[in-house]
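Trainee: Contents are PDB, C-alpha atoms; file name run-v3.pdb:
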ATOM      1  CA  MET A   1       3.750 -32.651  56.891
ATOM      2  CA  VAL A   2       2.397 -34.339  53.792
ATOM      3  CA  HIS A   3       3.910 -37.643  52.846
ATOM      4  CA  TRP A   4       4.700 -38.132  49.170
ATOM      5  CA  THR A   5       5.755 -41.493  47.807
ATOM      6  CA  ALA A   6       8.610 -41.575  45.324
ATOM      7  CA  GLU A   7       6.109 -42.531  42.636
ATOM      8  CA  GLU A   8       3.858 -39.569  43.380
ATOM      9  CA  LYS A   9       6.786 -37.174  43.242
ATOM     10  CA  GLN A  10       7.871 -38.681  39.950
ATOM     11  CA  LEU A  11       4.395 -38.437  38.443
ATOM     12  CA  ILE A  12       4.089 -34.827  39.497
ATOM     13  CA  SER A  13       7.472 -33.695  38.239
ATOM     14  CA  SER A  14       7.323 -35.614  34.977
ATOM     15  CA  VAL A  15       4.003 -33.987  34.078
ATOM     16  CA  TRP A  16       5.207 -30.586  35.279
ATOM     17  CA  SER A  17       8.369 -30.740  33.195
ATOM     18  CA  LYS A  18       6.200 -30.844  30.081
ATOM     19  CA  VAL A  19       3.800 -28.088  31.091
ATOM     20  CA  ASN A  20       3.936 -24.724  29.333
ATOM     21  CA  VAL A  21       3.220 -22.631  32.400
ATOM     22  CA  GLU A  22       2.002 -19.606  30.464
ATOM     23  CA  GLU A  23      -0.437 -21.534  28.253
ATOM     24  CA  CYS A  24      -1.632 -23.902  30.925
ATOM     25  CA  GLY A  25      -2.059 -21.133  33.502
ATOM     26  CA  ALA A  26      -4.010 -18.988  31.063
ATOM     27  CA  GLU A  27      -6.191 -21.947  30.111
ATOM     28  CA  ALA A  28      -6.898 -22.932  33.704
ATOM     29  CA  LEU A  29      -7.851 -19.439  34.837
ATOM     30  CA  ALA A  30      -9.983 -18.857  31.739
ATOM     31  CA  ARG A  31     -11.848 -22.098  32.340
ATOM     32  CA  LEU A  32     -12.412 -21.204  35.985
ATOM     33  CA  LEU A  33     -14.078 -17.964  34.906
ATOM     34  CA  ILE A  34     -16.062 -19.720  32.168
ATOM     35  CA  VAL A  35     -17.174 -22.884  33.973
ATOM     36  CA  TYR A  36     -17.847 -21.156  37.310
ATOM     37  CA  PRO A  37     -18.832 -17.654  36.240
ATOM     38  CA  TRP A  38     -19.361 -16.434  39.784
ATOM     39  CA  THR A  39     -15.584 -16.517  40.174
ATOM     40  CA  GLN A  40     -15.488 -13.454  37.921
ATOM     41  CA  ARG A  41     -16.396 -11.468  41.005
ATOM     42  CA  PHE A  42     -12.706 -11.195  41.844
ATOM     43  CA  PHE A  43     -11.734  -9.778  38.514
ATOM     44  CA  SER A  44     -13.918  -6.753  37.869
ATOM     45  CA  SER A  45     -10.817  -4.805  36.847
ATOM     46  CA  PHE A  46      -9.941  -7.245  34.103
ATOM     47  CA  GLY A  47     -12.114  -5.703  31.399
ATOM     48  CA  ASN A  48     -14.081  -7.805  28.950
ATOM     49  CA  LEU A  49     -15.257 -11.095  30.491
ATOM     50  CA  SER A  50     -18.561 -11.134  28.642
ATOM     51  CA  SER A  51     -18.178 -14.454  26.796
ATOM     52  CA  PRO A  52     -15.964 -17.550  26.741
ATOM     53  CA  THR A  53     -14.160 -16.123  23.707
ATOM     54  CA  ALA A  54     -13.610 -12.788  25.427
ATOM     55  CA  ILE A  55     -12.345 -14.494  28.564
ATOM     56  CA  ALA A  56     -10.007 -16.844  26.711
ATOM     57  CA  GLY A  57      -8.530 -13.946  24.731
ATOM     58  CA  ASN A  58      -8.341 -11.475  27.601
ATOM     59  CA  PRO A  59      -4.681 -10.511  28.116
ATOM     60  CA  LYS A  60      -5.164  -9.811  31.843
ATOM     61  CA  VAL A  61      -6.626 -13.269  32.305
ATOM     62  CA  ARG A  62      -3.669 -14.796  30.480
ATOM     63  CA  ALA A  63      -1.152 -12.835  32.510
ATOM     64  CA  HIS A  64      -2.800 -13.621  35.790
ATOM     65  CA  GLY A  65      -3.172 -17.271  34.887
ATOM     66  CA  LYS A  66       0.537 -17.419  34.243
ATOM     67  CA  LYS A  67       1.234 -15.770  37.600
ATOM     68  CA  VAL A  68      -0.978 -18.229  39.455
ATOM     69  CA  LEU A  69       0.502 -21.300  37.821
ATOM     70  CA  THR A  70       4.059 -20.034  38.291
ATOM     71  CA  SER A  71       3.306 -19.863  41.984
ATOM     72  CA  PHE A  72       1.998 -23.406  41.783
ATOM     73  CA  GLY A  73       5.423 -24.359  40.487
ATOM     74  CA  GLU A  74       6.844 -23.228  43.801
ATOM     75  CA  ALA A  75       4.790 -25.863  45.566
ATOM     76  CA  ILE A  76       6.177 -28.475  43.225
ATOM     77  CA  LYS A  77       9.727 -27.345  43.987
ATOM     78  CA  ASN A  78       8.945 -27.624  47.696
ATOM     79  CA  LEU A  79       6.703 -30.648  47.976
ATOM     80  CA  ASP A  80       7.999 -31.367  51.441
ATOM     81  CA  ASN A  81       7.093 -27.946  52.762
ATOM     82  CA  ILE A  82       4.116 -26.611  50.907
ATOM     83  CA  LYS A  83       2.635 -25.086  54.055
ATOM     84  CA  ALA A  84       5.584 -22.738  54.539
ATOM     85  CA  THR A  85       5.718 -21.944  50.841
ATOM     86  CA  TYR A  86       2.204 -20.518  50.951
ATOM     87  CA  THR A  87       2.106 -18.779  54.342
ATOM     88  CA  LYS A  88       2.309 -15.268  52.924
ATOM     89  CA  LEU A  89       0.004 -15.986  49.992
ATOM     90  CA  SER A  90      -2.548 -17.434  52.383
ATOM     91  CA  GLU A  91      -2.540 -14.271  54.450
ATOM     92  CA  LEU A  92      -2.819 -12.199  51.283
ATOM     93  CA  HIS A  93      -5.802 -14.151  49.952
ATOM     94  CA  CYS A  94      -7.566 -13.765  53.274
ATOM     95  CA  GLU A  95      -6.729 -10.241  54.368
ATOM     96  CA  LYS A  96      -6.395  -8.343  51.110
ATOM     97  CA  LEU A  97      -8.082 -10.381  48.392
ATOM     98  CA  HIS A  98     -10.954 -11.859  50.441
ATOM     99  CA  VAL A  99     -11.154 -15.023  48.380
ATOM    100  CA  ASP A 100     -13.326 -17.871  49.662
ATOM    101  CA  PRO A 101     -10.983 -20.896  49.871
ATOM    102  CA  GLU A 102     -13.570 -22.940  48.006
ATOM    103  CA  ASN A 103     -12.212 -21.203  44.920
ATOM    104  CA  PHE A 104      -8.822 -22.860  45.399
ATOM    105  CA  ARG A 105     -10.516 -26.258  45.234
ATOM    106  CA  LEU A 106     -12.417 -25.246  42.107
ATOM    107  CA  LEU A 107      -9.242 -24.054  40.389
ATOM    108  CA  GLY A 108      -7.421 -27.223  41.399
ATOM    109  CA  ASP A 109     -10.059 -29.398  39.754
ATOM    110  CA  ILE A 110     -10.040 -27.228  36.648
ATOM    111  CA  LEU A 111      -6.263 -27.550  36.417
ATOM    112  CA  ILE A 112      -6.600 -31.334  36.471
ATOM    113  CA  ILE A 113      -9.042 -31.227  33.569
ATOM    114  CA  VAL A 114      -6.743 -28.925  31.599
ATOM    115  CA  LEU A 115      -3.871 -31.362  32.157
ATOM    116  CA  ALA A 116      -6.063 -34.296  31.137
ATOM    117  CA  ALA A 117      -7.123 -32.558  27.918
ATOM    118  CA  HIS A 118      -3.530 -31.689  27.150
ATOM    119  CA  PHE A 119      -1.836 -34.966  27.997
ATOM    120  CA  THR A 120      -4.779 -37.271  27.096
ATOM    121  CA  ARG A 121      -3.893 -40.942  27.671
ATOM    122  CA  GLU A 122      -0.638 -40.016  29.351
ATOM    123  CA  PHE A 123      -2.639 -38.532  32.185
ATOM    124  CA  THR A 124      -3.201 -41.893  33.782
ATOM    125  CA  PRO A 125      -5.338 -42.597  36.849
ATOM    126  CA  ALA A 126      -2.142 -42.729  38.924
ATOM    127  CA  CYS A 127      -1.213 -39.305  37.570
ATOM    128  CA  GLN A 128      -4.640 -38.018  38.421
ATOM    129  CA  PHE A 129      -4.320 -39.350  41.960
ATOM    130  CA  ALA A 130      -0.981 -37.630  42.529
ATOM    131  CA  TRP A 131      -2.215 -34.356  41.086
ATOM    132  CA  GLN A 132      -5.539 -34.404  42.930
ATOM    133  CA  LYS A 133      -3.506 -34.861  46.087
ATOM    134  CA  LEU A 134      -1.241 -31.967  45.121
ATOM    135  CA  VAL A 135      -4.046 -29.529  44.335
ATOM    136  CA  SER A 136      -5.766 -30.511  47.544
ATOM    137  CA  VAL A 137      -2.606 -29.881  49.582
ATOM    138  CA  VAL A 138      -2.071 -26.517  47.856
ATOM    139  CA  ALA A 139      -5.681 -25.496  48.459
ATOM    140  CA  HIS A 140      -5.359 -26.472  52.083
ATOM    141  CA  ALA A 141      -2.119 -24.528  52.489
ATOM    142  CA  LEU A 142      -3.655 -21.434  50.943
ATOM    143  CA  ALA A 143      -6.608 -21.652  53.312
ATOM    144  CA  ARG A 144      -4.478 -22.320  56.358
ATOM    145  CA  LYS A 145      -3.857 -18.742  57.493
ATOM    146  CA  TYR A 146      -7.437 -17.618  57.166
ATOM    147  CA  HIS A 147      -8.943 -16.000  60.196
TER     148      HIS A 147
ATOM    149  CA  MET B   1     -29.918 -23.897  34.205
ATOM    150  CA  LEU B   2     -29.099 -25.586  30.921
ATOM    151  CA  THR B   3     -29.437 -23.200  27.987
ATOM    152  CA  ALA B   4     -30.382 -24.338  24.493
ATOM    153  CA  GLU B   5     -26.741 -23.955  23.531
ATOM    154  CA  ASP B   6     -25.626 -26.128  26.466
ATOM    155  CA  LYS B   7     -28.100 -28.843  25.473
ATOM    156  CA  LYS B   8     -26.814 -28.838  21.912
ATOM    157  CA  MET B   9     -23.187 -29.165  23.057
ATOM    158  CA  ILE B  10     -24.043 -31.934  25.493
ATOM    159  CA  GLN B  11     -25.808 -33.923  22.786
ATOM    160  CA  GLN B  12     -22.925 -33.388  20.355
ATOM    161  CA  ILE B  13     -20.327 -34.526  22.845
ATOM    162  CA  TRP B  14     -22.494 -37.482  23.778
ATOM    163  CA  GLU B  15     -22.326 -38.689  20.189
ATOM    164  CA  LYS B  16     -18.596 -39.171  20.724
ATOM    165  CA  VAL B  17     -19.346 -41.323  23.758
ATOM    166  CA  GLN B  18     -21.568 -43.631  21.684
ATOM    167  CA  GLY B  19     -19.862 -46.918  21.114
ATOM    168  CA  HIS B  20     -17.532 -46.328  24.046
ATOM    169  CA  GLN B  21     -20.018 -46.476  26.908
ATOM    170  CA  GLU B  22     -18.454 -49.430  28.621
ATOM    171  CA  ASP B  23     -14.896 -48.141  28.195
ATOM    172  CA  PHE B  24     -15.618 -44.613  29.371
ATOM    173  CA  GLY B  25     -17.767 -45.807  32.232
ATOM    174  CA  ALA B  26     -15.199 -48.311  33.424
ATOM    175  CA  GLU B  27     -12.438 -45.735  33.128
ATOM    176  CA  ALA B  28     -14.399 -43.124  35.053
ATOM    177  CA  LEU B  29     -15.008 -45.564  37.889
ATOM    178  CA  GLN B  30     -11.427 -46.754  37.850
ATOM    179  CA  ARG B  31     -10.129 -43.185  37.997
ATOM    180  CA  MET B  32     -12.540 -42.402  40.791
ATOM    181  CA  PHE B  33     -11.439 -45.438  42.825
ATOM    182  CA  ILE B  34      -7.795 -44.538  42.340
ATOM    183  CA  ALA B  35      -8.032 -40.761  42.787
ATOM    184  CA  TYR B  36     -10.520 -40.958  45.670
ATOM    185  CA  PRO B  37      -9.985 -44.280  47.450
ATOM    186  CA  GLN B  38     -12.778 -43.519  49.930
ATOM    187  CA  THR B  39     -15.242 -44.187  47.092
ATOM    188  CA  LYS B  40     -14.277 -47.850  47.178
ATOM    189  CA  THR B  41     -16.131 -48.218  50.469
ATOM    190  CA  TYR B  42     -19.356 -48.429  48.501
ATOM    191  CA  PHE B  43     -18.158 -51.486  46.602
ATOM    192  CA  PRO B  44     -16.905 -54.021  49.147
ATOM    193  CA  HIS B  45     -18.734 -56.664  47.172
ATOM    194  CA  PHE B  46     -16.901 -55.858  43.946
ATOM    195  CA  ASP B  47     -13.666 -57.068  42.507
ATOM    196  CA  LEU B  48     -11.981 -53.711  41.967
ATOM    197  CA  SER B  49      -8.849 -54.965  40.288
ATOM    198  CA  GLN B  50      -7.769 -53.608  36.914
ATOM    199  CA  GLY B  51     -10.047 -54.849  34.148
ATOM    200  CA  SER B  52     -12.648 -56.205  36.535
ATOM    201  CA  ASP B  53     -15.819 -57.350  34.781
ATOM    202  CA  GLN B  54     -17.901 -55.981  37.618
ATOM    203  CA  VAL B  55     -16.383 -52.524  37.245
ATOM    204  CA  ARG B  56     -16.874 -52.629  33.475
ATOM    205  CA  GLY B  57     -20.456 -53.741  33.888
ATOM    206  CA  HIS B  58     -21.177 -51.082  36.444
ATOM    207  CA  GLY B  59     -19.427 -48.398  34.420
ATOM    208  CA  LYS B  60     -21.607 -49.282  31.448
ATOM    209  CA  LYS B  61     -24.706 -49.029  33.623
ATOM    210  CA  VAL B  62     -23.695 -45.585  34.882
ATOM    211  CA  VAL B  63     -22.933 -44.238  31.419
ATOM    212  CA  ASN B  64     -26.161 -45.661  29.989
ATOM    213  CA  ALA B  65     -28.048 -43.849  32.738
ATOM    214  CA  LEU B  66     -26.253 -40.646  31.773
ATOM    215  CA  GLY B  67     -27.285 -41.376  28.190
ATOM    216  CA  THR B  68     -30.901 -41.528  29.311
ATOM    217  CA  ALA B  69     -30.394 -38.182  30.984
ATOM    218  CA  VAL B  70     -28.915 -36.704  27.790
ATOM    219  CA  LYS B  71     -32.056 -37.777  25.911
ATOM    220  CA  SER B  72     -34.253 -36.112  28.524
ATOM    221  CA  LEU B  73     -32.510 -32.821  29.194
ATOM    222  CA  ASP B  74     -35.858 -31.054  29.493
ATOM    223  CA  ASN B  75     -37.117 -33.362  32.173
ATOM    224  CA  LEU B  76     -34.297 -34.856  34.178
ATOM    225  CA  SER B  77     -36.352 -35.238  37.335
ATOM    226  CA  GLN B  78     -38.866 -37.507  35.706
ATOM    227  CA  ALA B  79     -36.379 -39.414  33.558
ATOM    228  CA  LEU B  80     -34.189 -40.233  36.549
ATOM    229  CA  SER B  81     -36.975 -40.702  39.065
ATOM    230  CA  GLU B  82     -36.307 -44.386  39.695
ATOM    231  CA  LEU B  83     -32.574 -43.876  40.055
ATOM    232  CA  SER B  84     -33.356 -41.025  42.374
ATOM    233  CA  ASN B  85     -35.400 -43.371  44.570
ATOM    234  CA  LEU B  86     -32.696 -46.012  44.439
ATOM    235  CA  HIS B  87     -29.959 -43.647  45.578
ATOM    236  CA  ALA B  88     -32.077 -42.093  48.295
ATOM    237  CA  TYR B  89     -33.632 -45.133  49.911
ATOM    238  CA  ASN B  90     -31.488 -48.029  48.922
ATOM    239  CA  LEU B  91     -27.902 -47.157  48.068
ATOM    240  CA  ARG B  92     -27.626 -44.052  50.234
ATOM    241  CA  VAL B  93     -24.303 -43.068  48.742
ATOM    242  CA  ASP B  94     -23.265 -39.862  50.462
ATOM    243  CA  PRO B  95     -24.108 -37.101  48.009
ATOM    244  CA  VAL B  96     -20.656 -35.546  48.269
ATOM    245  CA  ASN B  97     -19.608 -38.326  45.934
ATOM    246  CA  PHE B  98     -21.756 -37.040  43.118
ATOM    247  CA  LYS B  99     -23.618 -33.905  44.100
ATOM    248  CA  ALA B 100     -22.563 -30.282  44.129
ATOM    249  CA  SER B 101     -23.629 -28.348  47.127
ATOM    250  CA  TRP B 102     -24.257 -24.926  45.660
ATOM    251  CA  GLY B 103     -21.044 -23.461  44.365
ATOM    252  CA  ARG B 104     -18.855 -26.531  44.557
ATOM    253  CA  GLY B 105     -17.728 -28.261  41.410
ATOM    254  CA  THR B 106     -15.845 -31.109  42.964
ATOM    255  CA  GLU B 107     -18.194 -34.062  42.989
ATOM    256  CA  LEU B 108     -15.945 -37.066  42.766
ATOM    257  CA  LEU B 109     -17.684 -39.073  40.051
ATOM    258  CA  SER B 110     -18.389 -35.967  38.009
ATOM    259  CA  GLN B 111     -14.727 -34.944  38.187
ATOM    260  CA  SER B 112     -13.569 -38.425  37.214
ATOM    261  CA  PHE B 113     -16.001 -38.614  34.310
ATOM    262  CA  GLN B 114     -14.880 -35.213  33.054
ATOM    263  CA  VAL B 115     -11.243 -36.280  33.262
ATOM    264  CA  VAL B 116     -12.140 -39.290  31.091
ATOM    265  CA  LEU B 117     -13.828 -37.049  28.533
ATOM    266  CA  ALA B 118     -10.973 -34.536  28.582
ATOM    267  CA  SER B 119      -8.309 -37.219  28.230
ATOM    268  CA  HIS B 120     -10.109 -38.833  25.302
ATOM    269  CA  LEU B 121     -11.342 -35.709  23.536
ATOM    270  CA  GLY B 122      -8.313 -33.484  24.132
ATOM    271  CA  LYS B 123      -8.823 -30.138  22.425
ATOM    272  CA  ASP B 124     -12.442 -30.998  21.622
ATOM    273  CA  TYR B 125     -13.188 -30.697  25.319
ATOM    274  CA  THR B 126     -13.306 -26.943  24.909
ATOM    275  CA  PRO B 127     -14.049 -24.520  27.755
ATOM    276  CA  GLU B 128     -17.615 -24.137  26.459
ATOM    277  CA  VAL B 129     -18.194 -27.890  26.331
ATOM    278  CA  HIS B 130     -16.562 -28.264  29.736
ATOM    279  CA  ALA B 131     -18.922 -25.690  31.196
ATOM    280  CA  ALA B 132     -22.021 -27.282  29.637
ATOM    281  CA  PHE B 133     -21.051 -30.747  30.778
ATOM    282  CA  ASP B 134     -20.199 -29.627  34.279
ATOM    283  CA  LYS B 135     -23.649 -28.053  34.518
ATOM    284  CA  PHE B 136     -25.271 -31.204  33.143
ATOM    285  CA  LEU B 137     -23.540 -33.503  35.636
ATOM    286  CA  SER B 138     -24.458 -31.113  38.448
ATOM    287  CA  ALA B 139     -28.086 -31.224  37.344
ATOM    288  CA  VAL B 140     -28.086 -35.027  37.223
ATOM    289  CA  ALA B 141     -26.480 -35.193  40.646
ATOM    290  CA  ALA B 142     -29.054 -32.793  42.087
ATOM    291  CA  VAL B 143     -31.864 -35.016  40.817
ATOM    292  CA  LEU B 144     -30.219 -38.106  42.281
ATOM    293  CA  ALA B 145     -29.954 -36.412  45.662
ATOM    294  CA  GLU B 146     -33.467 -34.930  45.541
ATOM    295  CA  LYS B 147     -35.166 -37.503  47.716
ATOM    296  CA  TYR B 148     -32.505 -38.034  50.331
ATOM    297  CA  ARG B 149     -34.545 -36.193  52.894
TER     298      ARG B 149
END
Give the structure from this file in structure tokens form.
Mentor:
Amino acid sequence: MVHWTAEEKQLISSVWSKVNVEECGAEALARLLIVYPWTQRFFSSFGNLSSPTAIAGNPKVRAHGKKVLTSFGEAIKNLDNIKATYTKLSELHCEKLHVDPENFRLLGDILIIVLAAHFTREFTPACQFAWQKLVSVVAHALARKYH
Amino acid sequence: MLTAEDKKMIQQIWEKVQGHQEDFGAEALQRMFIAYPQTKTYFPHFDLSQGSDQVRGHGKKVVNALGTAVKSLDNLSQALSELSNLHAYNLRVDPVNFKASWGRGTELLSQSFQVVLASHLGKDYTPEVHAAFDKFLSAVAAVLAEKYR
């Protein structure tokens, strides 16, 4: 079980309370597809991904980004049991979606940059630490059921 | 590979770093030490407390080196040759701290530096700029790790 200090929990929830999940999720997924274009391999059914503008404006990207970040919110609600929270999703990503877990780490880092750009100075080093820990724990949980 | 468009964006963003080298460098190192405490193991000889002169001085050095790289985007290998030697034979910092193995984007110093840029530039750190800069830092890191073995 992951140990979270009171400060880490506070930093995570105070940032999260100000996040627009739809916007932030869309932004994070779009950036993943733009900054690491090979990740587009999972989204051949999404239509036009031919340029950063196309990706950022793509409604399927936006919708899926929202879905992904909403799920992230579940981890935040269950910081003390993230592993259990993601058991089914881990199996899904392995057995049905065939996603290399490296992608979870990439998306986690992208999310941090999106938060930094959005919150600017408020996204302090201590905030970054707590969130890097969170994305790492989530990535680990999602990779846990791979076989 | 850095396209002409990438190079242009990198140079434009770098203009915003001018005048803030020491601040951005110090902040990147500070964020790295806090977010990834294992990186502190390379600096047992440093005072790593908040506002440390050594961290500021080192941060400035790092950012100035990146500035040299920005001026030599067409020939990073040559421009960074000495630093490459230094990291390979002398410092021997494990490349995971700065280098992408193919496909990864999570080099620790690169991530920290990008968080500094994003937190200072906000909206100006657009997806396109983010992509160009990520590529640039990856390229620099690859050159630094070139001579490790």
Trainee: For this structure, which residues satisfy the selection - the PyMOL selection byres ((chain B) within 12 of (chain A)) - when it is evaluated on the file as given? I want them as a ChimeraX atom specification.
Mentor: /B:6,26-37,50,100-108,110-136,138
Trainee: Quick check, in Å to one decimal: how far apart do CA of Leu29 in chain A and CA of Tyr86 in chain A lie?
Mentor: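 Taking CA of Leu29 in chain A and CA of Tyr86 in chain A, their separation equals 19.0 Å.
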Trainee: When distances are computed from only C-alpha atoms, which of A:His98, A:Lys18, A:His140, A:His147 shows the smallest separation from Lys83 in chain A?
Mentor: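 Among A:His98, A:Lys18, A:His140, A:His147, it is A:His140 that comes nearest to Lys83 in chain A.
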Trainee: Please compute the CA of Ala143 in chain A-CA of Leu89 in chain A distance, one decimal, in Å.
Mentor: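 Pair CA of Ala143 in chain A / CA of Leu89 in chain A returns 9.3 Å.
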Trainee: Extending 5 Å beyond the listed atoms of range 87-94 of chain B on each side, what axis-aligned box results? I want centre and edge lengths in Å to one decimal, as AutoDock Vina command-line options.
Mentor:
--center_x -28.4 --center_y -43.9 --center_z 48.0 --size_x 20.4 --size_y 18.2 --size_z 14.9
Trainee: Measure the distance from CA of Ala141 in chain A to CA of Thr85 in chain A in Å and round it to one decimal.
Mentor: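 We find that CA of Ala141 in chain A and CA of Thr85 in chain A lie 8.4 Å from each other.
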Trainee: Running the PyMOL selection byres ((chain B and resi 69) around 12) on this model by hand, what would come out? Give it as a ChimeraX atom specification.
Mentor: /B:7,10-11,14,62-68,70-81,83,133,136-141,143-144
Trainee: For those residues, write C-alpha atoms to a file as a short mmCIF file (atom, residue, chain, number, x, y, z; two decimals), keeping the file's coordinate frame.
Mentor:
data_model
loop_
_atom_site.label_atom_id
_atom_site.label_comp_id
_atom_site.auth_asym_id
_atom_site.auth_seq_id
_atom_site.Cartn_x
_atom_site.Cartn_y
_atom_site.Cartn_z
CA LYS B 7 -28.10 -28.84 25.47
CA ILE B 10 -24.04 -31.93 25.49
CA GLN B 11 -25.81 -33.92 22.79
CA TRP B 14 -22.49 -37.48 23.78
CA VAL B 62 -23.70 -45.58 34.88
CA VAL B 63 -22.93 -44.24 31.42
CA ASN B 64 -26.16 -45.66 29.99
CA ALA B 65 -28.05 -43.85 32.74
CA LEU B 66 -26.25 -40.65 31.77
CA GLY B 67 -27.28 -41.38 28.19
CA THR B 68 -30.90 -41.53 29.31
CA VAL B 70 -28.92 -36.70 27.79
CA LYS B 71 -32.06 -37.78 25.91
CA SER B 72 -34.25 -36.11 28.52
CA LEU B 73 -32.51 -32.82 29.19
CA ASP B 74 -35.86 -31.05 29.49
CA ASN B 75 -37.12 -33.36 32.17
CA LEU B 76 -34.30 -34.86 34.18
CA SER B 77 -36.35 -35.24 37.34
CA GLN B 78 -38.87 -37.51 35.71
CA ALA B 79 -36.38 -39.41 33.56
CA LEU B 80 -34.19 -40.23 36.55
CA SER B 81 -36.98 -40.70 39.06
CA LEU B 83 -32.57 -43.88 40.06
CA PHE B 133 -21.05 -30.75 30.78
CA PHE B 136 -25.27 -31.20 33.14
CA LEU B 137 -23.54 -33.50 35.64
CA SER B 138 -24.46 -31.11 38.45
CA ALA B 139 -28.09 -31.22 37.34
CA VAL B 140 -28.09 -35.03 37.22
CA ALA B 141 -26.48 -35.19 40.65
CA VAL B 143 -31.86 -35.02 40.82
CA LEU B 144 -30.22 -38.11 42.28
#
Trainee: Kindly resolve the PyMOL selection byres ((chain A and resi 4-9) around 8) on the present coordinates and return the residues as a ChimeraX atom specification.
Mentor: /A:2-3,10-13,79-80,127,130
Trainee: Mind writing the picked residues with C-alpha atoms as a CSV table (one decimal), keeping the file's coordinate frame?
Mentor:
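Final file, result-v5.csv:
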chain,number,residue,atom,x,y,z
A,2,VAL,CA,2.4,-34.3,53.8
A,3,HIS,CA,3.9,-37.6,52.8
A,10,GLN,CA,7.9,-38.7,40.0
A,11,LEU,CA,4.4,-38.4,38.4
A,12,ILE,CA,4.1,-34.8,39.5
A,13,SER,CA,7.5,-33.7,38.2
A,79,LEU,CA,6.7,-30.6,48.0
A,80,ASP,CA,8.0,-31.4,51.4
A,127,CYS,CA,-1.2,-39.3,37.6
A,130,ALA,CA,-1.0,-37.6,42.5
